[in-house]
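Shown next: upload35.cif, containing mmCIF, C-alpha atoms.
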data_entry
#
loop_
_atom_site.label_atom_id
_atom_site.label_comp_id
_atom_site.auth_asym_id
_atom_site.auth_seq_id
_atom_site.Cartn_x
_atom_site.Cartn_y
_atom_site.Cartn_z
CA MET A 1 16.78 -8.31 -31.58
CA GLU A 2 14.49 -10.01 -34.11
CA GLU A 3 15.39 -13.39 -35.57
CA VAL A 4 14.88 -14.36 -39.20
CA ASP A 5 14.75 -17.81 -40.78
CA LEU A 6 16.22 -17.42 -44.25
CA ASN A 7 14.85 -20.81 -45.28
CA SER A 8 11.25 -19.72 -44.79
CA ILE A 9 11.15 -16.19 -46.23
CA LYS A 10 10.84 -14.77 -49.72
CA PHE A 11 13.80 -12.61 -50.66
CA ASP A 12 13.18 -9.07 -51.90
CA ARG A 13 14.52 -8.72 -55.46
CA LYS A 14 15.42 -5.09 -54.80
CA VAL A 15 18.02 -6.07 -52.19
CA ILE A 16 19.86 -8.67 -54.26
CA GLY A 17 23.25 -7.33 -55.25
CA LEU A 18 23.18 -4.29 -52.95
CA VAL A 19 25.70 -5.78 -50.51
CA PRO A 20 29.05 -6.78 -52.09
CA GLN A 21 29.85 -10.49 -51.99
CA ASN A 22 33.15 -9.91 -50.19
CA LEU A 23 31.33 -8.27 -47.26
CA CYS A 24 28.81 -11.11 -47.10
CA ASP A 25 31.69 -13.59 -46.94
CA LYS A 26 33.74 -11.56 -44.47
CA TYR A 27 31.00 -10.88 -41.93
CA GLU A 28 28.61 -13.79 -42.60
CA VAL A 29 25.67 -11.58 -43.53
CA VAL A 30 22.83 -11.89 -46.05
CA PRO A 31 20.52 -9.04 -47.14
CA PHE A 32 16.94 -10.24 -47.48
CA ALA A 33 14.67 -7.19 -47.64
CA PHE A 34 14.66 -3.49 -48.51
CA GLU A 35 12.18 -1.30 -46.67
CA ASN A 36 11.93 2.41 -45.79
CA ASN A 37 15.26 3.12 -47.47
CA SER A 38 17.03 0.57 -45.27
CA ILE A 39 18.45 -2.92 -45.77
CA LYS A 40 17.30 -5.75 -43.55
CA LEU A 41 20.41 -7.81 -42.92
CA ALA A 42 20.57 -11.36 -41.55
CA MET A 43 23.69 -11.64 -39.40
CA ALA A 44 25.40 -14.44 -37.52
CA ASP A 45 26.66 -11.74 -35.12
CA PRO A 46 24.21 -8.81 -35.14
CA LEU A 47 26.27 -7.00 -32.47
CA ASN A 48 29.25 -6.66 -34.81
CA ILE A 49 29.31 -2.88 -35.27
CA TYR A 50 32.19 -3.13 -37.73
CA ALA A 51 30.09 -5.27 -40.04
CA ILE A 52 27.11 -2.94 -39.79
CA ASP A 53 29.27 0.14 -40.42
CA ASP A 54 31.08 -1.42 -43.39
CA VAL A 55 27.86 -2.53 -45.08
CA ALA A 56 26.23 0.86 -44.43
CA ILE A 57 29.21 2.72 -45.92
CA SER A 58 29.39 0.39 -48.92
CA THR A 59 25.68 0.54 -49.76
CA GLY A 60 24.80 4.03 -48.58
CA PHE A 61 21.72 2.73 -46.78
CA GLU A 62 20.77 2.31 -43.14
CA ILE A 63 21.20 -1.26 -41.89
CA VAL A 64 18.60 -3.07 -39.77
CA PRO A 65 20.27 -6.17 -38.27
CA PHE A 66 18.46 -9.47 -37.71
CA ILE A 67 19.94 -12.51 -36.02
CA SER A 68 20.14 -15.75 -37.99
CA LYS A 69 21.93 -19.06 -37.62
CA ALA A 70 25.49 -19.00 -38.96
CA SER A 71 25.04 -22.41 -40.59
CA VAL A 72 22.05 -21.14 -42.58
CA ILE A 73 23.81 -17.93 -43.62
CA LYS A 74 26.85 -19.87 -44.83
CA LYS A 75 24.58 -22.03 -46.97
CA PHE A 76 23.31 -18.92 -48.74
CA ILE A 77 26.62 -17.10 -49.21
CA ASN A 78 29.02 -19.99 -49.67
CA PRO A 79 27.32 -23.23 -50.70
CA GLN A 80 29.69 -26.17 -51.13
CA ASP A 81 28.35 -28.49 -53.79
CA GLY A 82 31.40 -30.42 -54.85
CA ARG A 83 35.15 -30.90 -54.74
CA ILE A 84 37.44 -31.90 -57.58
CA ILE A 85 41.12 -32.74 -57.21
CA THR A 86 43.10 -32.81 -60.43
CA ARG A 87 46.66 -32.39 -61.63
CA VAL A 88 48.05 -29.65 -63.84
CA GLY A 89 51.54 -30.71 -64.86
CA ASP A 90 53.28 -31.68 -61.63
CA ASN A 91 50.92 -29.67 -59.43
CA GLU A 92 47.91 -31.03 -57.58
CA VAL A 93 45.04 -28.53 -57.73
CA ASP A 94 42.04 -28.61 -55.39
CA MET A 95 38.87 -27.15 -56.98
CA ARG A 96 35.63 -26.38 -55.12
CA VAL A 97 32.45 -26.09 -57.21
CA SER A 98 29.40 -24.20 -55.95
CA ILE A 99 25.97 -23.51 -57.41
CA LEU A 100 24.70 -20.07 -56.37
CA PRO A 101 21.12 -18.81 -56.78
CA VAL A 102 20.79 -15.52 -58.66
CA VAL A 103 17.82 -13.42 -59.73
CA PHE A 104 17.43 -15.08 -63.13
CA GLY A 105 18.47 -18.63 -62.29
CA GLU A 106 21.77 -20.04 -61.08
CA LYS A 107 25.48 -19.57 -61.65
CA VAL A 108 28.44 -21.85 -61.15
CA VAL A 109 31.40 -20.66 -59.09
CA ILE A 110 34.70 -22.53 -59.14
CA ARG A 111 37.40 -21.77 -56.56
CA ILE A 112 40.90 -23.05 -57.28
CA LEU A 113 43.03 -23.77 -54.22
CA ASP A 114 46.69 -24.29 -55.04
CA LYS A 115 49.15 -23.89 -52.16
CA LYS A 116 52.07 -23.64 -54.56
CA ASN A 117 50.73 -20.28 -55.74
CA TYR A 118 52.27 -18.78 -52.61
CA LYS A 119 55.72 -19.41 -54.09
CA VAL A 120 55.17 -16.59 -56.57
CA GLY A 121 56.32 -14.12 -53.91
CA LYS A 122 59.88 -15.36 -54.33
CA GLU A 123 60.06 -14.10 -57.90
CA HIS A 124 57.53 -11.25 -58.15
CA LEU A 125 56.22 -8.46 -55.95
CA VAL A 126 52.68 -9.47 -55.02
CA PHE A 127 50.11 -7.63 -52.89
CA SER A 128 47.49 -9.78 -51.20
CA THR A 129 44.98 -9.58 -48.35
CA LEU A 130 44.34 -11.86 -45.39
CA HIS A 131 41.78 -11.62 -42.59
CA THR A 132 43.65 -11.59 -39.27
CA ASN A 133 43.62 -9.45 -36.12
CA ASP A 134 47.07 -7.92 -36.57
CA ALA A 135 50.26 -8.17 -38.62
CA PRO A 136 52.10 -10.86 -36.57
CA SER A 137 49.10 -13.21 -36.58
CA SER A 138 49.20 -13.22 -40.39
CA ILE A 139 52.38 -15.30 -40.22
CA VAL A 140 50.72 -17.93 -38.05
CA ARG A 141 47.63 -17.88 -40.27
CA LEU A 142 49.67 -18.65 -43.39
CA VAL A 143 51.46 -21.52 -41.66
CA ASP A 144 48.11 -22.86 -40.41
CA MET A 145 46.89 -22.78 -44.02
CA GLY A 146 49.60 -25.28 -44.89
CA ILE A 147 52.30 -22.97 -46.26
CA GLN A 148 55.76 -24.12 -45.21
CA PRO A 149 57.48 -21.68 -42.79
CA TYR A 150 60.55 -21.42 -45.01
CA LEU A 151 58.34 -20.28 -47.90
CA VAL A 152 56.62 -17.71 -45.69
CA SER A 153 59.92 -16.31 -44.42
CA THR A 154 61.51 -16.03 -47.85
CA SER A 155 58.45 -14.74 -49.72
CA ILE A 156 57.09 -11.97 -47.50
CA ALA A 157 58.73 -8.55 -47.40
CA GLY A 158 56.27 -6.92 -45.02
CA ILE A 159 52.75 -6.96 -43.62
CA ILE A 160 50.40 -4.05 -42.95
CA ALA A 161 47.42 -4.48 -40.62
CA GLN A 162 44.78 -1.79 -40.76
CA ARG A 163 41.64 -0.69 -38.95
CA LEU A 164 39.23 2.18 -39.42
CA VAL A 165 38.30 4.36 -36.45
CA ARG A 166 35.69 7.07 -36.30
CA LYS A 167 36.86 10.67 -36.04
CA ILE A 168 35.51 13.20 -33.57
CA CYS A 169 33.00 15.55 -35.14
CA PRO A 170 34.73 18.91 -35.80
CA LYS A 171 31.50 20.84 -35.19
CA CYS A 172 30.87 19.65 -31.62
CA ARG A 173 34.37 18.63 -30.52
CA GLN A 174 34.95 19.56 -26.89
CA ALA A 175 37.86 19.22 -24.49
CA TYR A 176 37.85 17.49 -21.12
CA GLU A 177 40.38 16.58 -18.45
CA ALA A 178 41.61 12.99 -18.74
CA THR A 179 41.06 10.68 -15.78
CA SER A 180 43.88 8.84 -14.04
CA TYR A 181 42.75 5.61 -15.66
CA GLU A 182 42.79 7.17 -19.14
CA LYS A 183 46.31 8.50 -18.53
CA GLN A 184 47.37 5.05 -17.41
CA VAL A 185 45.94 3.43 -20.55
CA LEU A 186 47.63 6.02 -22.75
CA GLY A 187 50.95 5.52 -20.97
CA VAL A 188 51.46 9.14 -19.91
CA ASP A 189 52.45 10.71 -16.60
CA GLU A 190 49.44 10.49 -14.29
CA ASP A 191 50.63 13.49 -12.24
CA LYS A 192 50.51 15.88 -15.19
CA PRO A 193 47.28 17.33 -16.60
CA LEU A 194 46.14 15.93 -19.95
CA THR A 195 43.45 17.29 -22.22
CA LEU A 196 41.49 14.84 -24.37
CA TYR A 197 38.57 15.39 -26.73
CA LYS A 198 35.17 13.93 -27.52
CA GLY A 199 32.13 14.89 -29.55
CA LYS A 200 29.12 16.29 -27.71
CA GLY A 201 26.73 15.40 -30.53
CA CYS A 202 25.06 17.83 -32.93
CA GLY A 203 22.96 18.02 -36.06
CA TYR A 204 26.04 17.84 -38.28
CA CYS A 205 27.01 14.38 -36.95
CA ASN A 206 23.44 13.19 -36.33
CA ASN A 207 24.12 13.45 -32.58
CA THR A 208 26.74 10.69 -32.68
CA GLY A 209 29.75 12.85 -31.80
CA TYR A 210 31.64 11.39 -34.77
CA SER A 211 32.10 12.38 -38.39
CA GLY A 212 34.21 10.46 -40.88
CA ARG A 213 36.88 7.83 -40.36
CA THR A 214 40.63 7.53 -40.46
CA GLY A 215 43.00 4.61 -40.77
CA VAL A 216 45.13 2.98 -38.08
CA TYR A 217 48.08 1.05 -39.47
CA GLU A 218 50.48 -1.53 -38.05
CA VAL A 219 53.49 -2.03 -40.33
CA MET A 220 55.68 -5.08 -39.79
CA GLU A 221 58.82 -5.42 -41.88
CA VAL A 222 59.99 -9.02 -42.19
CA THR A 223 63.61 -8.56 -41.16
CA ARG A 224 66.33 -11.17 -40.88
CA LYS A 225 65.48 -11.80 -37.21
CA LEU A 226 61.82 -12.28 -38.09
CA LYS A 227 62.70 -14.68 -40.91
CA GLU A 228 64.72 -16.75 -38.44
CA ALA A 229 61.83 -16.71 -35.97
CA ILE A 230 59.38 -17.89 -38.64
CA THR A 231 61.56 -20.76 -39.83
CA SER A 232 62.17 -21.71 -36.18
CA HIS A 233 58.41 -22.08 -35.62
CA LYS A 234 58.25 -19.31 -33.01
CA THR A 235 54.86 -18.51 -31.49
CA MET A 236 52.78 -15.52 -32.49
CA ASP A 237 53.65 -13.70 -29.26
CA GLU A 238 57.36 -14.28 -29.84
CA ILE A 239 57.05 -13.02 -33.42
CA ARG A 240 55.20 -9.94 -32.16
CA ASP A 241 57.91 -9.22 -29.55
CA ILE A 242 60.63 -9.41 -32.20
CA ALA A 243 58.65 -7.15 -34.53
CA VAL A 244 58.25 -4.55 -31.77
CA GLN A 245 61.97 -4.74 -31.02
CA ASN A 246 62.56 -4.07 -34.72
CA GLY A 247 60.48 -0.90 -34.54
CA MET A 248 56.91 -2.00 -35.25
CA SER A 249 54.23 0.15 -33.61
CA SER A 250 51.10 -1.83 -32.75
CA LEU A 251 47.55 -0.95 -33.76
CA GLY A 252 46.84 0.00 -30.17
CA ASP A 253 49.86 2.30 -29.93
CA GLU A 254 48.99 3.97 -33.22
CA CYS A 255 45.43 4.56 -32.05
CA LYS A 256 46.73 6.05 -28.79
CA LYS A 257 48.54 8.67 -30.87
CA LEU A 258 45.25 9.58 -32.54
CA VAL A 259 43.59 9.94 -29.13
CA LEU A 260 46.40 12.19 -27.87
CA ASP A 261 46.17 14.26 -31.07
CA GLY A 262 42.43 14.76 -30.55
CA VAL A 263 41.45 12.84 -33.68
CA THR A 264 39.46 10.05 -32.01
CA THR A 265 38.25 9.04 -28.55
CA MET A 266 39.15 6.62 -25.79
CA ASN A 267 36.04 4.60 -26.68
CA LYS A 268 37.40 3.94 -30.17
CA LEU A 269 40.79 3.04 -28.72
CA ALA A 270 38.99 0.42 -26.63
CA THR A 271 37.45 -1.15 -29.73
CA ILE A 272 40.87 -1.43 -31.40
CA THR A 273 42.47 -2.95 -28.30
CA ILE A 274 39.64 -5.42 -27.68
CA LEU A 275 39.57 -6.45 -31.33
CA LYS A 276 43.29 -7.20 -31.24
CA GLU A 277 42.99 -9.37 -28.13
CA ILE A 278 40.11 -11.54 -29.40
#
Go through the file and emit its structure as structure tokens.
Amino acid sequence: MEEVDLNSIKFDRKVIGLVPQNLCDKYEVVPFAFENNSIKLAMADPLNIYAIDDVAISTGFEIVPFISKASVIKKFINPQDGRIITRVGDNEVDMRVSILPVVFGEKVVIRILDKKNYKVGKEHLVFSTLHTNDAPSSIVRLVDMGIQPYLVSTSIAGIIAQRLVRKICPKCRQAYEATSYEKQVLGVDEDKPLTLYKGKGCGYCNNTGYSGRTGVYEVMEVTRKLKEAITSHKTMDEIRDIAVQNGMSSLGDECKKLVLDGVTTMNKLATITILKEI
């Protein structure tokens, strides 16, 4: 894996703007060159296949990953030039001011951080996103951000965690007999035969065995028991147990259904399970 020092290279103008800012922020990546119809991408974690796939899908170009220091990447995608704390009425508002380089000069970005904005959920239906591993950990993340547990419990109606998994190529899909270990992972009777599927690889799928993606969803309704658990400062594992008791199906369990239905493979189930446990 090649390493790139973003401080010592000249950025290719053709690559600026190809990768959406939200993906740069999410995965800590910076595009720096465009060559042979591919984007050279500086990455803090160049082994993150989810990041590479997402950027490739978003841009429509092949991605060539390069390793770079996370501290340097953050300086390019999220420079922190100043902080201003002011008051608007009775509310204290924390503003972060950044100067970002662009093709024709610079631009100023101001982020407004106001914890009281989370109260809006008590009066209006609001849809928002949060980067966490699963639905239950979103509760802990909000509390860690400084939101009072009683506000979290009274404001949130439900949380949906989602992942994308690759689908088996329909042109080269082939059946095979599941091993005892695979049956054990899937939670089925090891004494009964089980047919699973995988892609052999063909020209249609560029010899990957996969074609397209589908969603895996974990839906957690914030019931009365969950509200009580949140206000009682229960741990993430305790919140997860209560959610499962209330009928929530985990990301792993939902992906197992896709494996049993022949939609995806055991390898993709492993990526979902590992990702959840990190």
Exercise. For the file shown, what are the residues hit by the PyMOL selection byres ((chain A and resi 13) around 9), laid out as a ChimeraX atom specification?
Worked result: /A:11-12,14-17,32-34,103
What lies within 8 Å of Val165 of chain A using all atoms listed in the file, ignoring chain neighbours under 3 positions off, as a short mmCIF file (atom, residue, chain, number, x, y, z; two decimals) with C-alpha atoms, keeping the file's coordinate frame?
data_model
loop_
_atom_site.label_atom_id
_atom_site.label_comp_id
_atom_site.auth_asym_id
_atom_site.auth_seq_id
_atom_site.Cartn_x
_atom_site.Cartn_y
_atom_site.Cartn_z
CA ARG A 213 36.88 7.83 -40.36
CA THR A 214 40.63 7.53 -40.46
CA GLY A 215 43.00 4.61 -40.77
CA VAL A 216 45.13 2.98 -38.08
CA THR A 264 39.46 10.05 -32.01
CA LYS A 268 37.40 3.94 -30.17
#
Exercise. Which value, in Å to one decimal, gives the distance between atom CA of Ser68 of chain A and atom CA of Leu6 of chain A?
Worked result: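 Separation between atom CA of Ser68 of chain A and atom CA of Leu6 of chain A: 7.6 Å.
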For this session: Run the PyMOL selection byres ((chain A and resi 269) around 12) mentally over the shown coordinates, then write out the matched residues as number ranges by chain, using the chain letters and numbers from the document.
Result: A: 163-167, 182, 185-186, 216, 251-260, 262-268, 270-276
Resolved residues for the PyMOL selection byres ((chain A and resi 153) around 10) as a compact mmCIF listing (two decimals) with C-alpha atoms, in the frame of the given file:
# COMPACT_ATOMS: atom_id res chain seq x y z
CA LYS A 122 59.88 -15.36 -54.33
CA ILE A 139 52.38 -15.30 -40.22
CA GLN A 148 55.76 -24.12 -45.21
CA PRO A 149 57.48 -21.68 -42.79
CA TYR A 150 60.55 -21.42 -45.01
CA LEU A 151 58.34 -20.28 -47.90
CA VAL A 152 56.62 -17.71 -45.69
CA THR A 154 61.51 -16.03 -47.85
CA SER A 155 58.45 -14.74 -49.72
CA ILE A 156 57.09 -11.97 -47.50
CA ALA A 157 58.73 -8.55 -47.40
CA VAL A 222 59.99 -9.02 -42.19
CA THR A 223 63.61 -8.56 -41.16
CA ARG A 224 66.33 -11.17 -40.88
CA LEU A 226 61.82 -12.28 -38.09
CA LYS A 227 62.70 -14.68 -40.91
CA GLU A 228 64.72 -16.75 -38.44
CA ALA A 229 61.83 -16.71 -35.97
CA ILE A 230 59.38 -17.89 -38.64
CA THR A 231 61.56 -20.76 -39.83
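The space separating atom CA of Asp237 of chain A from atom CA of Asp25 of chain A comes to 28.2 Å.
Between atom CA of Glu3 of chain A and atom CA of Lys40 of chain A lies a distance of 11.2 Å.
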Problem set entry | Nearest candidate to Ala44 of chain A (options A:Thr129, A:Ser71, A:Ser180, A:Asn22; using all atoms listed in the file) |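 Of the candidates, the smallest distance to Ala44 of chain A is held by A:Ser71.
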Seminar exercise, completed: Judged by only C-alpha atoms, the minimum distance to Asn133 of chain A among A:Met236, A:Leu196, A:Met248, A:Met1 is found for A:Met236
Problem set entry | Within 12 Å of Pro31 of chain A using only C-alpha atoms, minus same-chain residues under 2 positions, as a VMD selection string | chain A and resid 4 6 9 to 21 23 to 24 27 to 29 33 to 35 38 to 43 52 55 to 56 59 61 63 to 68 73 76 to 77
For this session: Between A:Asn36, A:Gln174, A:Lys26, A:Lys225, single out the one closest to Asn48 of chain A, counting all atoms listed in the file.
Result: A:Lys26
Where atoms are missing, can you supply N, CA and C atoms for segment 136-172 of chain A and output the lot as a short mmCIF file (atom, residue, chain, number, x, y, z; two decimals), keeping the file's coordinate frame?
data_model
loop_
_atom_site.label_atom_id
_atom_site.label_comp_id
_atom_site.auth_asym_id
_atom_site.auth_seq_id
_atom_site.Cartn_x
_atom_site.Cartn_y
_atom_site.Cartn_z
N PRO A 136 51.41 -9.62 -36.95
CA PRO A 136 52.10 -10.86 -36.57
C PRO A 136 51.25 -12.12 -36.74
N SER A 137 49.95 -12.02 -36.47
CA SER A 137 49.10 -13.21 -36.58
C SER A 137 48.93 -13.67 -38.02
N SER A 138 49.27 -12.81 -38.99
CA SER A 138 49.20 -13.22 -40.39
C SER A 138 50.21 -14.33 -40.68
N ILE A 139 51.36 -14.27 -40.03
CA ILE A 139 52.38 -15.30 -40.22
C ILE A 139 51.84 -16.65 -39.78
N VAL A 140 51.27 -16.68 -38.59
CA VAL A 140 50.72 -17.93 -38.05
C VAL A 140 49.57 -18.43 -38.92
N ARG A 141 48.77 -17.50 -39.42
CA ARG A 141 47.63 -17.88 -40.27
C ARG A 141 48.11 -18.57 -41.54
N LEU A 142 49.15 -18.05 -42.16
CA LEU A 142 49.67 -18.65 -43.39
C LEU A 142 50.22 -20.05 -43.12
N VAL A 143 50.92 -20.21 -42.01
CA VAL A 143 51.46 -21.52 -41.66
C VAL A 143 50.32 -22.50 -41.38
N ASP A 144 49.28 -22.02 -40.69
CA ASP A 144 48.11 -22.86 -40.41
C ASP A 144 47.40 -23.28 -41.69
N MET A 145 47.51 -22.46 -42.74
CA MET A 145 46.89 -22.78 -44.02
C MET A 145 47.67 -23.84 -44.79
N GLY A 146 48.82 -24.22 -44.25
CA GLY A 146 49.60 -25.28 -44.89
C GLY A 146 50.82 -24.80 -45.65
N ILE A 147 51.12 -23.50 -45.58
CA ILE A 147 52.30 -22.97 -46.26
C ILE A 147 53.53 -23.23 -45.39
N GLN A 148 54.55 -23.80 -45.96
CA GLN A 148 55.76 -24.12 -45.21
C GLN A 148 56.41 -22.85 -44.65
N PRO A 149 56.87 -22.87 -43.39
CA PRO A 149 57.48 -21.68 -42.79
C PRO A 149 58.63 -21.10 -43.61
N TYR A 150 59.43 -21.95 -44.24
CA TYR A 150 60.55 -21.42 -45.01
C TYR A 150 60.07 -20.64 -46.23
N LEU A 151 58.91 -21.03 -46.79
CA LEU A 151 58.34 -20.28 -47.90
C LEU A 151 57.78 -18.94 -47.42
N VAL A 152 57.15 -18.96 -46.25
CA VAL A 152 56.62 -17.71 -45.69
C VAL A 152 57.75 -16.72 -45.42
N SER A 153 58.82 -17.21 -44.81
CA SER A 153 59.92 -16.31 -44.42
C SER A 153 60.65 -15.74 -45.62
N THR A 154 60.76 -16.51 -46.69
CA THR A 154 61.51 -16.03 -47.85
C THR A 154 60.65 -15.25 -48.84
N SER A 155 59.33 -15.36 -48.73
CA SER A 155 58.45 -14.74 -49.72
C SER A 155 57.90 -13.39 -49.28
N ILE A 156 57.77 -13.17 -47.98
CA ILE A 156 57.09 -11.97 -47.50
C ILE A 156 58.09 -10.88 -47.14
N ALA A 157 57.87 -9.69 -47.70
CA ALA A 157 58.73 -8.55 -47.40
C ALA A 157 58.18 -7.73 -46.23
N GLY A 158 56.87 -7.69 -46.10
CA GLY A 158 56.27 -6.92 -45.02
C GLY A 158 54.77 -7.14 -44.96
N ILE A 159 54.19 -6.80 -43.82
CA ILE A 159 52.75 -6.96 -43.62
C ILE A 159 52.20 -5.68 -43.00
N ILE A 160 51.07 -5.23 -43.50
CA ILE A 160 50.40 -4.05 -42.95
C ILE A 160 49.01 -4.47 -42.46
N ALA A 161 48.77 -4.28 -41.17
CA ALA A 161 47.42 -4.48 -40.62
C ALA A 161 46.76 -3.12 -40.53
N GLN A 162 45.46 -3.08 -40.78
CA GLN A 162 44.78 -1.79 -40.76
C GLN A 162 43.40 -1.90 -40.13
N ARG A 163 42.98 -0.82 -39.51
CA ARG A 163 41.64 -0.69 -38.95
C ARG A 163 41.14 0.72 -39.24
N LEU A 164 39.84 0.86 -39.30
CA LEU A 164 39.23 2.18 -39.42
C LEU A 164 38.65 2.59 -38.07
N VAL A 165 38.91 3.83 -37.67
CA VAL A 165 38.30 4.36 -36.45
C VAL A 165 37.54 5.63 -36.79
N ARG A 166 36.50 5.88 -36.06
CA ARG A 166 35.69 7.07 -36.30
C ARG A 166 36.38 8.30 -35.73
N LYS A 167 36.24 9.40 -36.45
CA LYS A 167 36.86 10.67 -36.04
C LYS A 167 35.85 11.53 -35.27
N ILE A 168 36.37 12.30 -34.34
CA ILE A 168 35.51 13.20 -33.57
C ILE A 168 34.93 14.26 -34.50
N CYS A 169 33.67 14.54 -34.32
CA CYS A 169 33.00 15.55 -35.14
C CYS A 169 33.65 16.92 -34.91
N PRO A 170 34.07 17.61 -35.97
CA PRO A 170 34.73 18.91 -35.80
C PRO A 170 33.78 20.02 -35.35
N LYS A 171 32.48 19.80 -35.52
CA LYS A 171 31.50 20.84 -35.19
C LYS A 171 31.15 20.86 -33.70
N CYS A 172 31.25 19.69 -33.04
CA CYS A 172 30.87 19.65 -31.62
C CYS A 172 31.99 19.08 -30.75
#
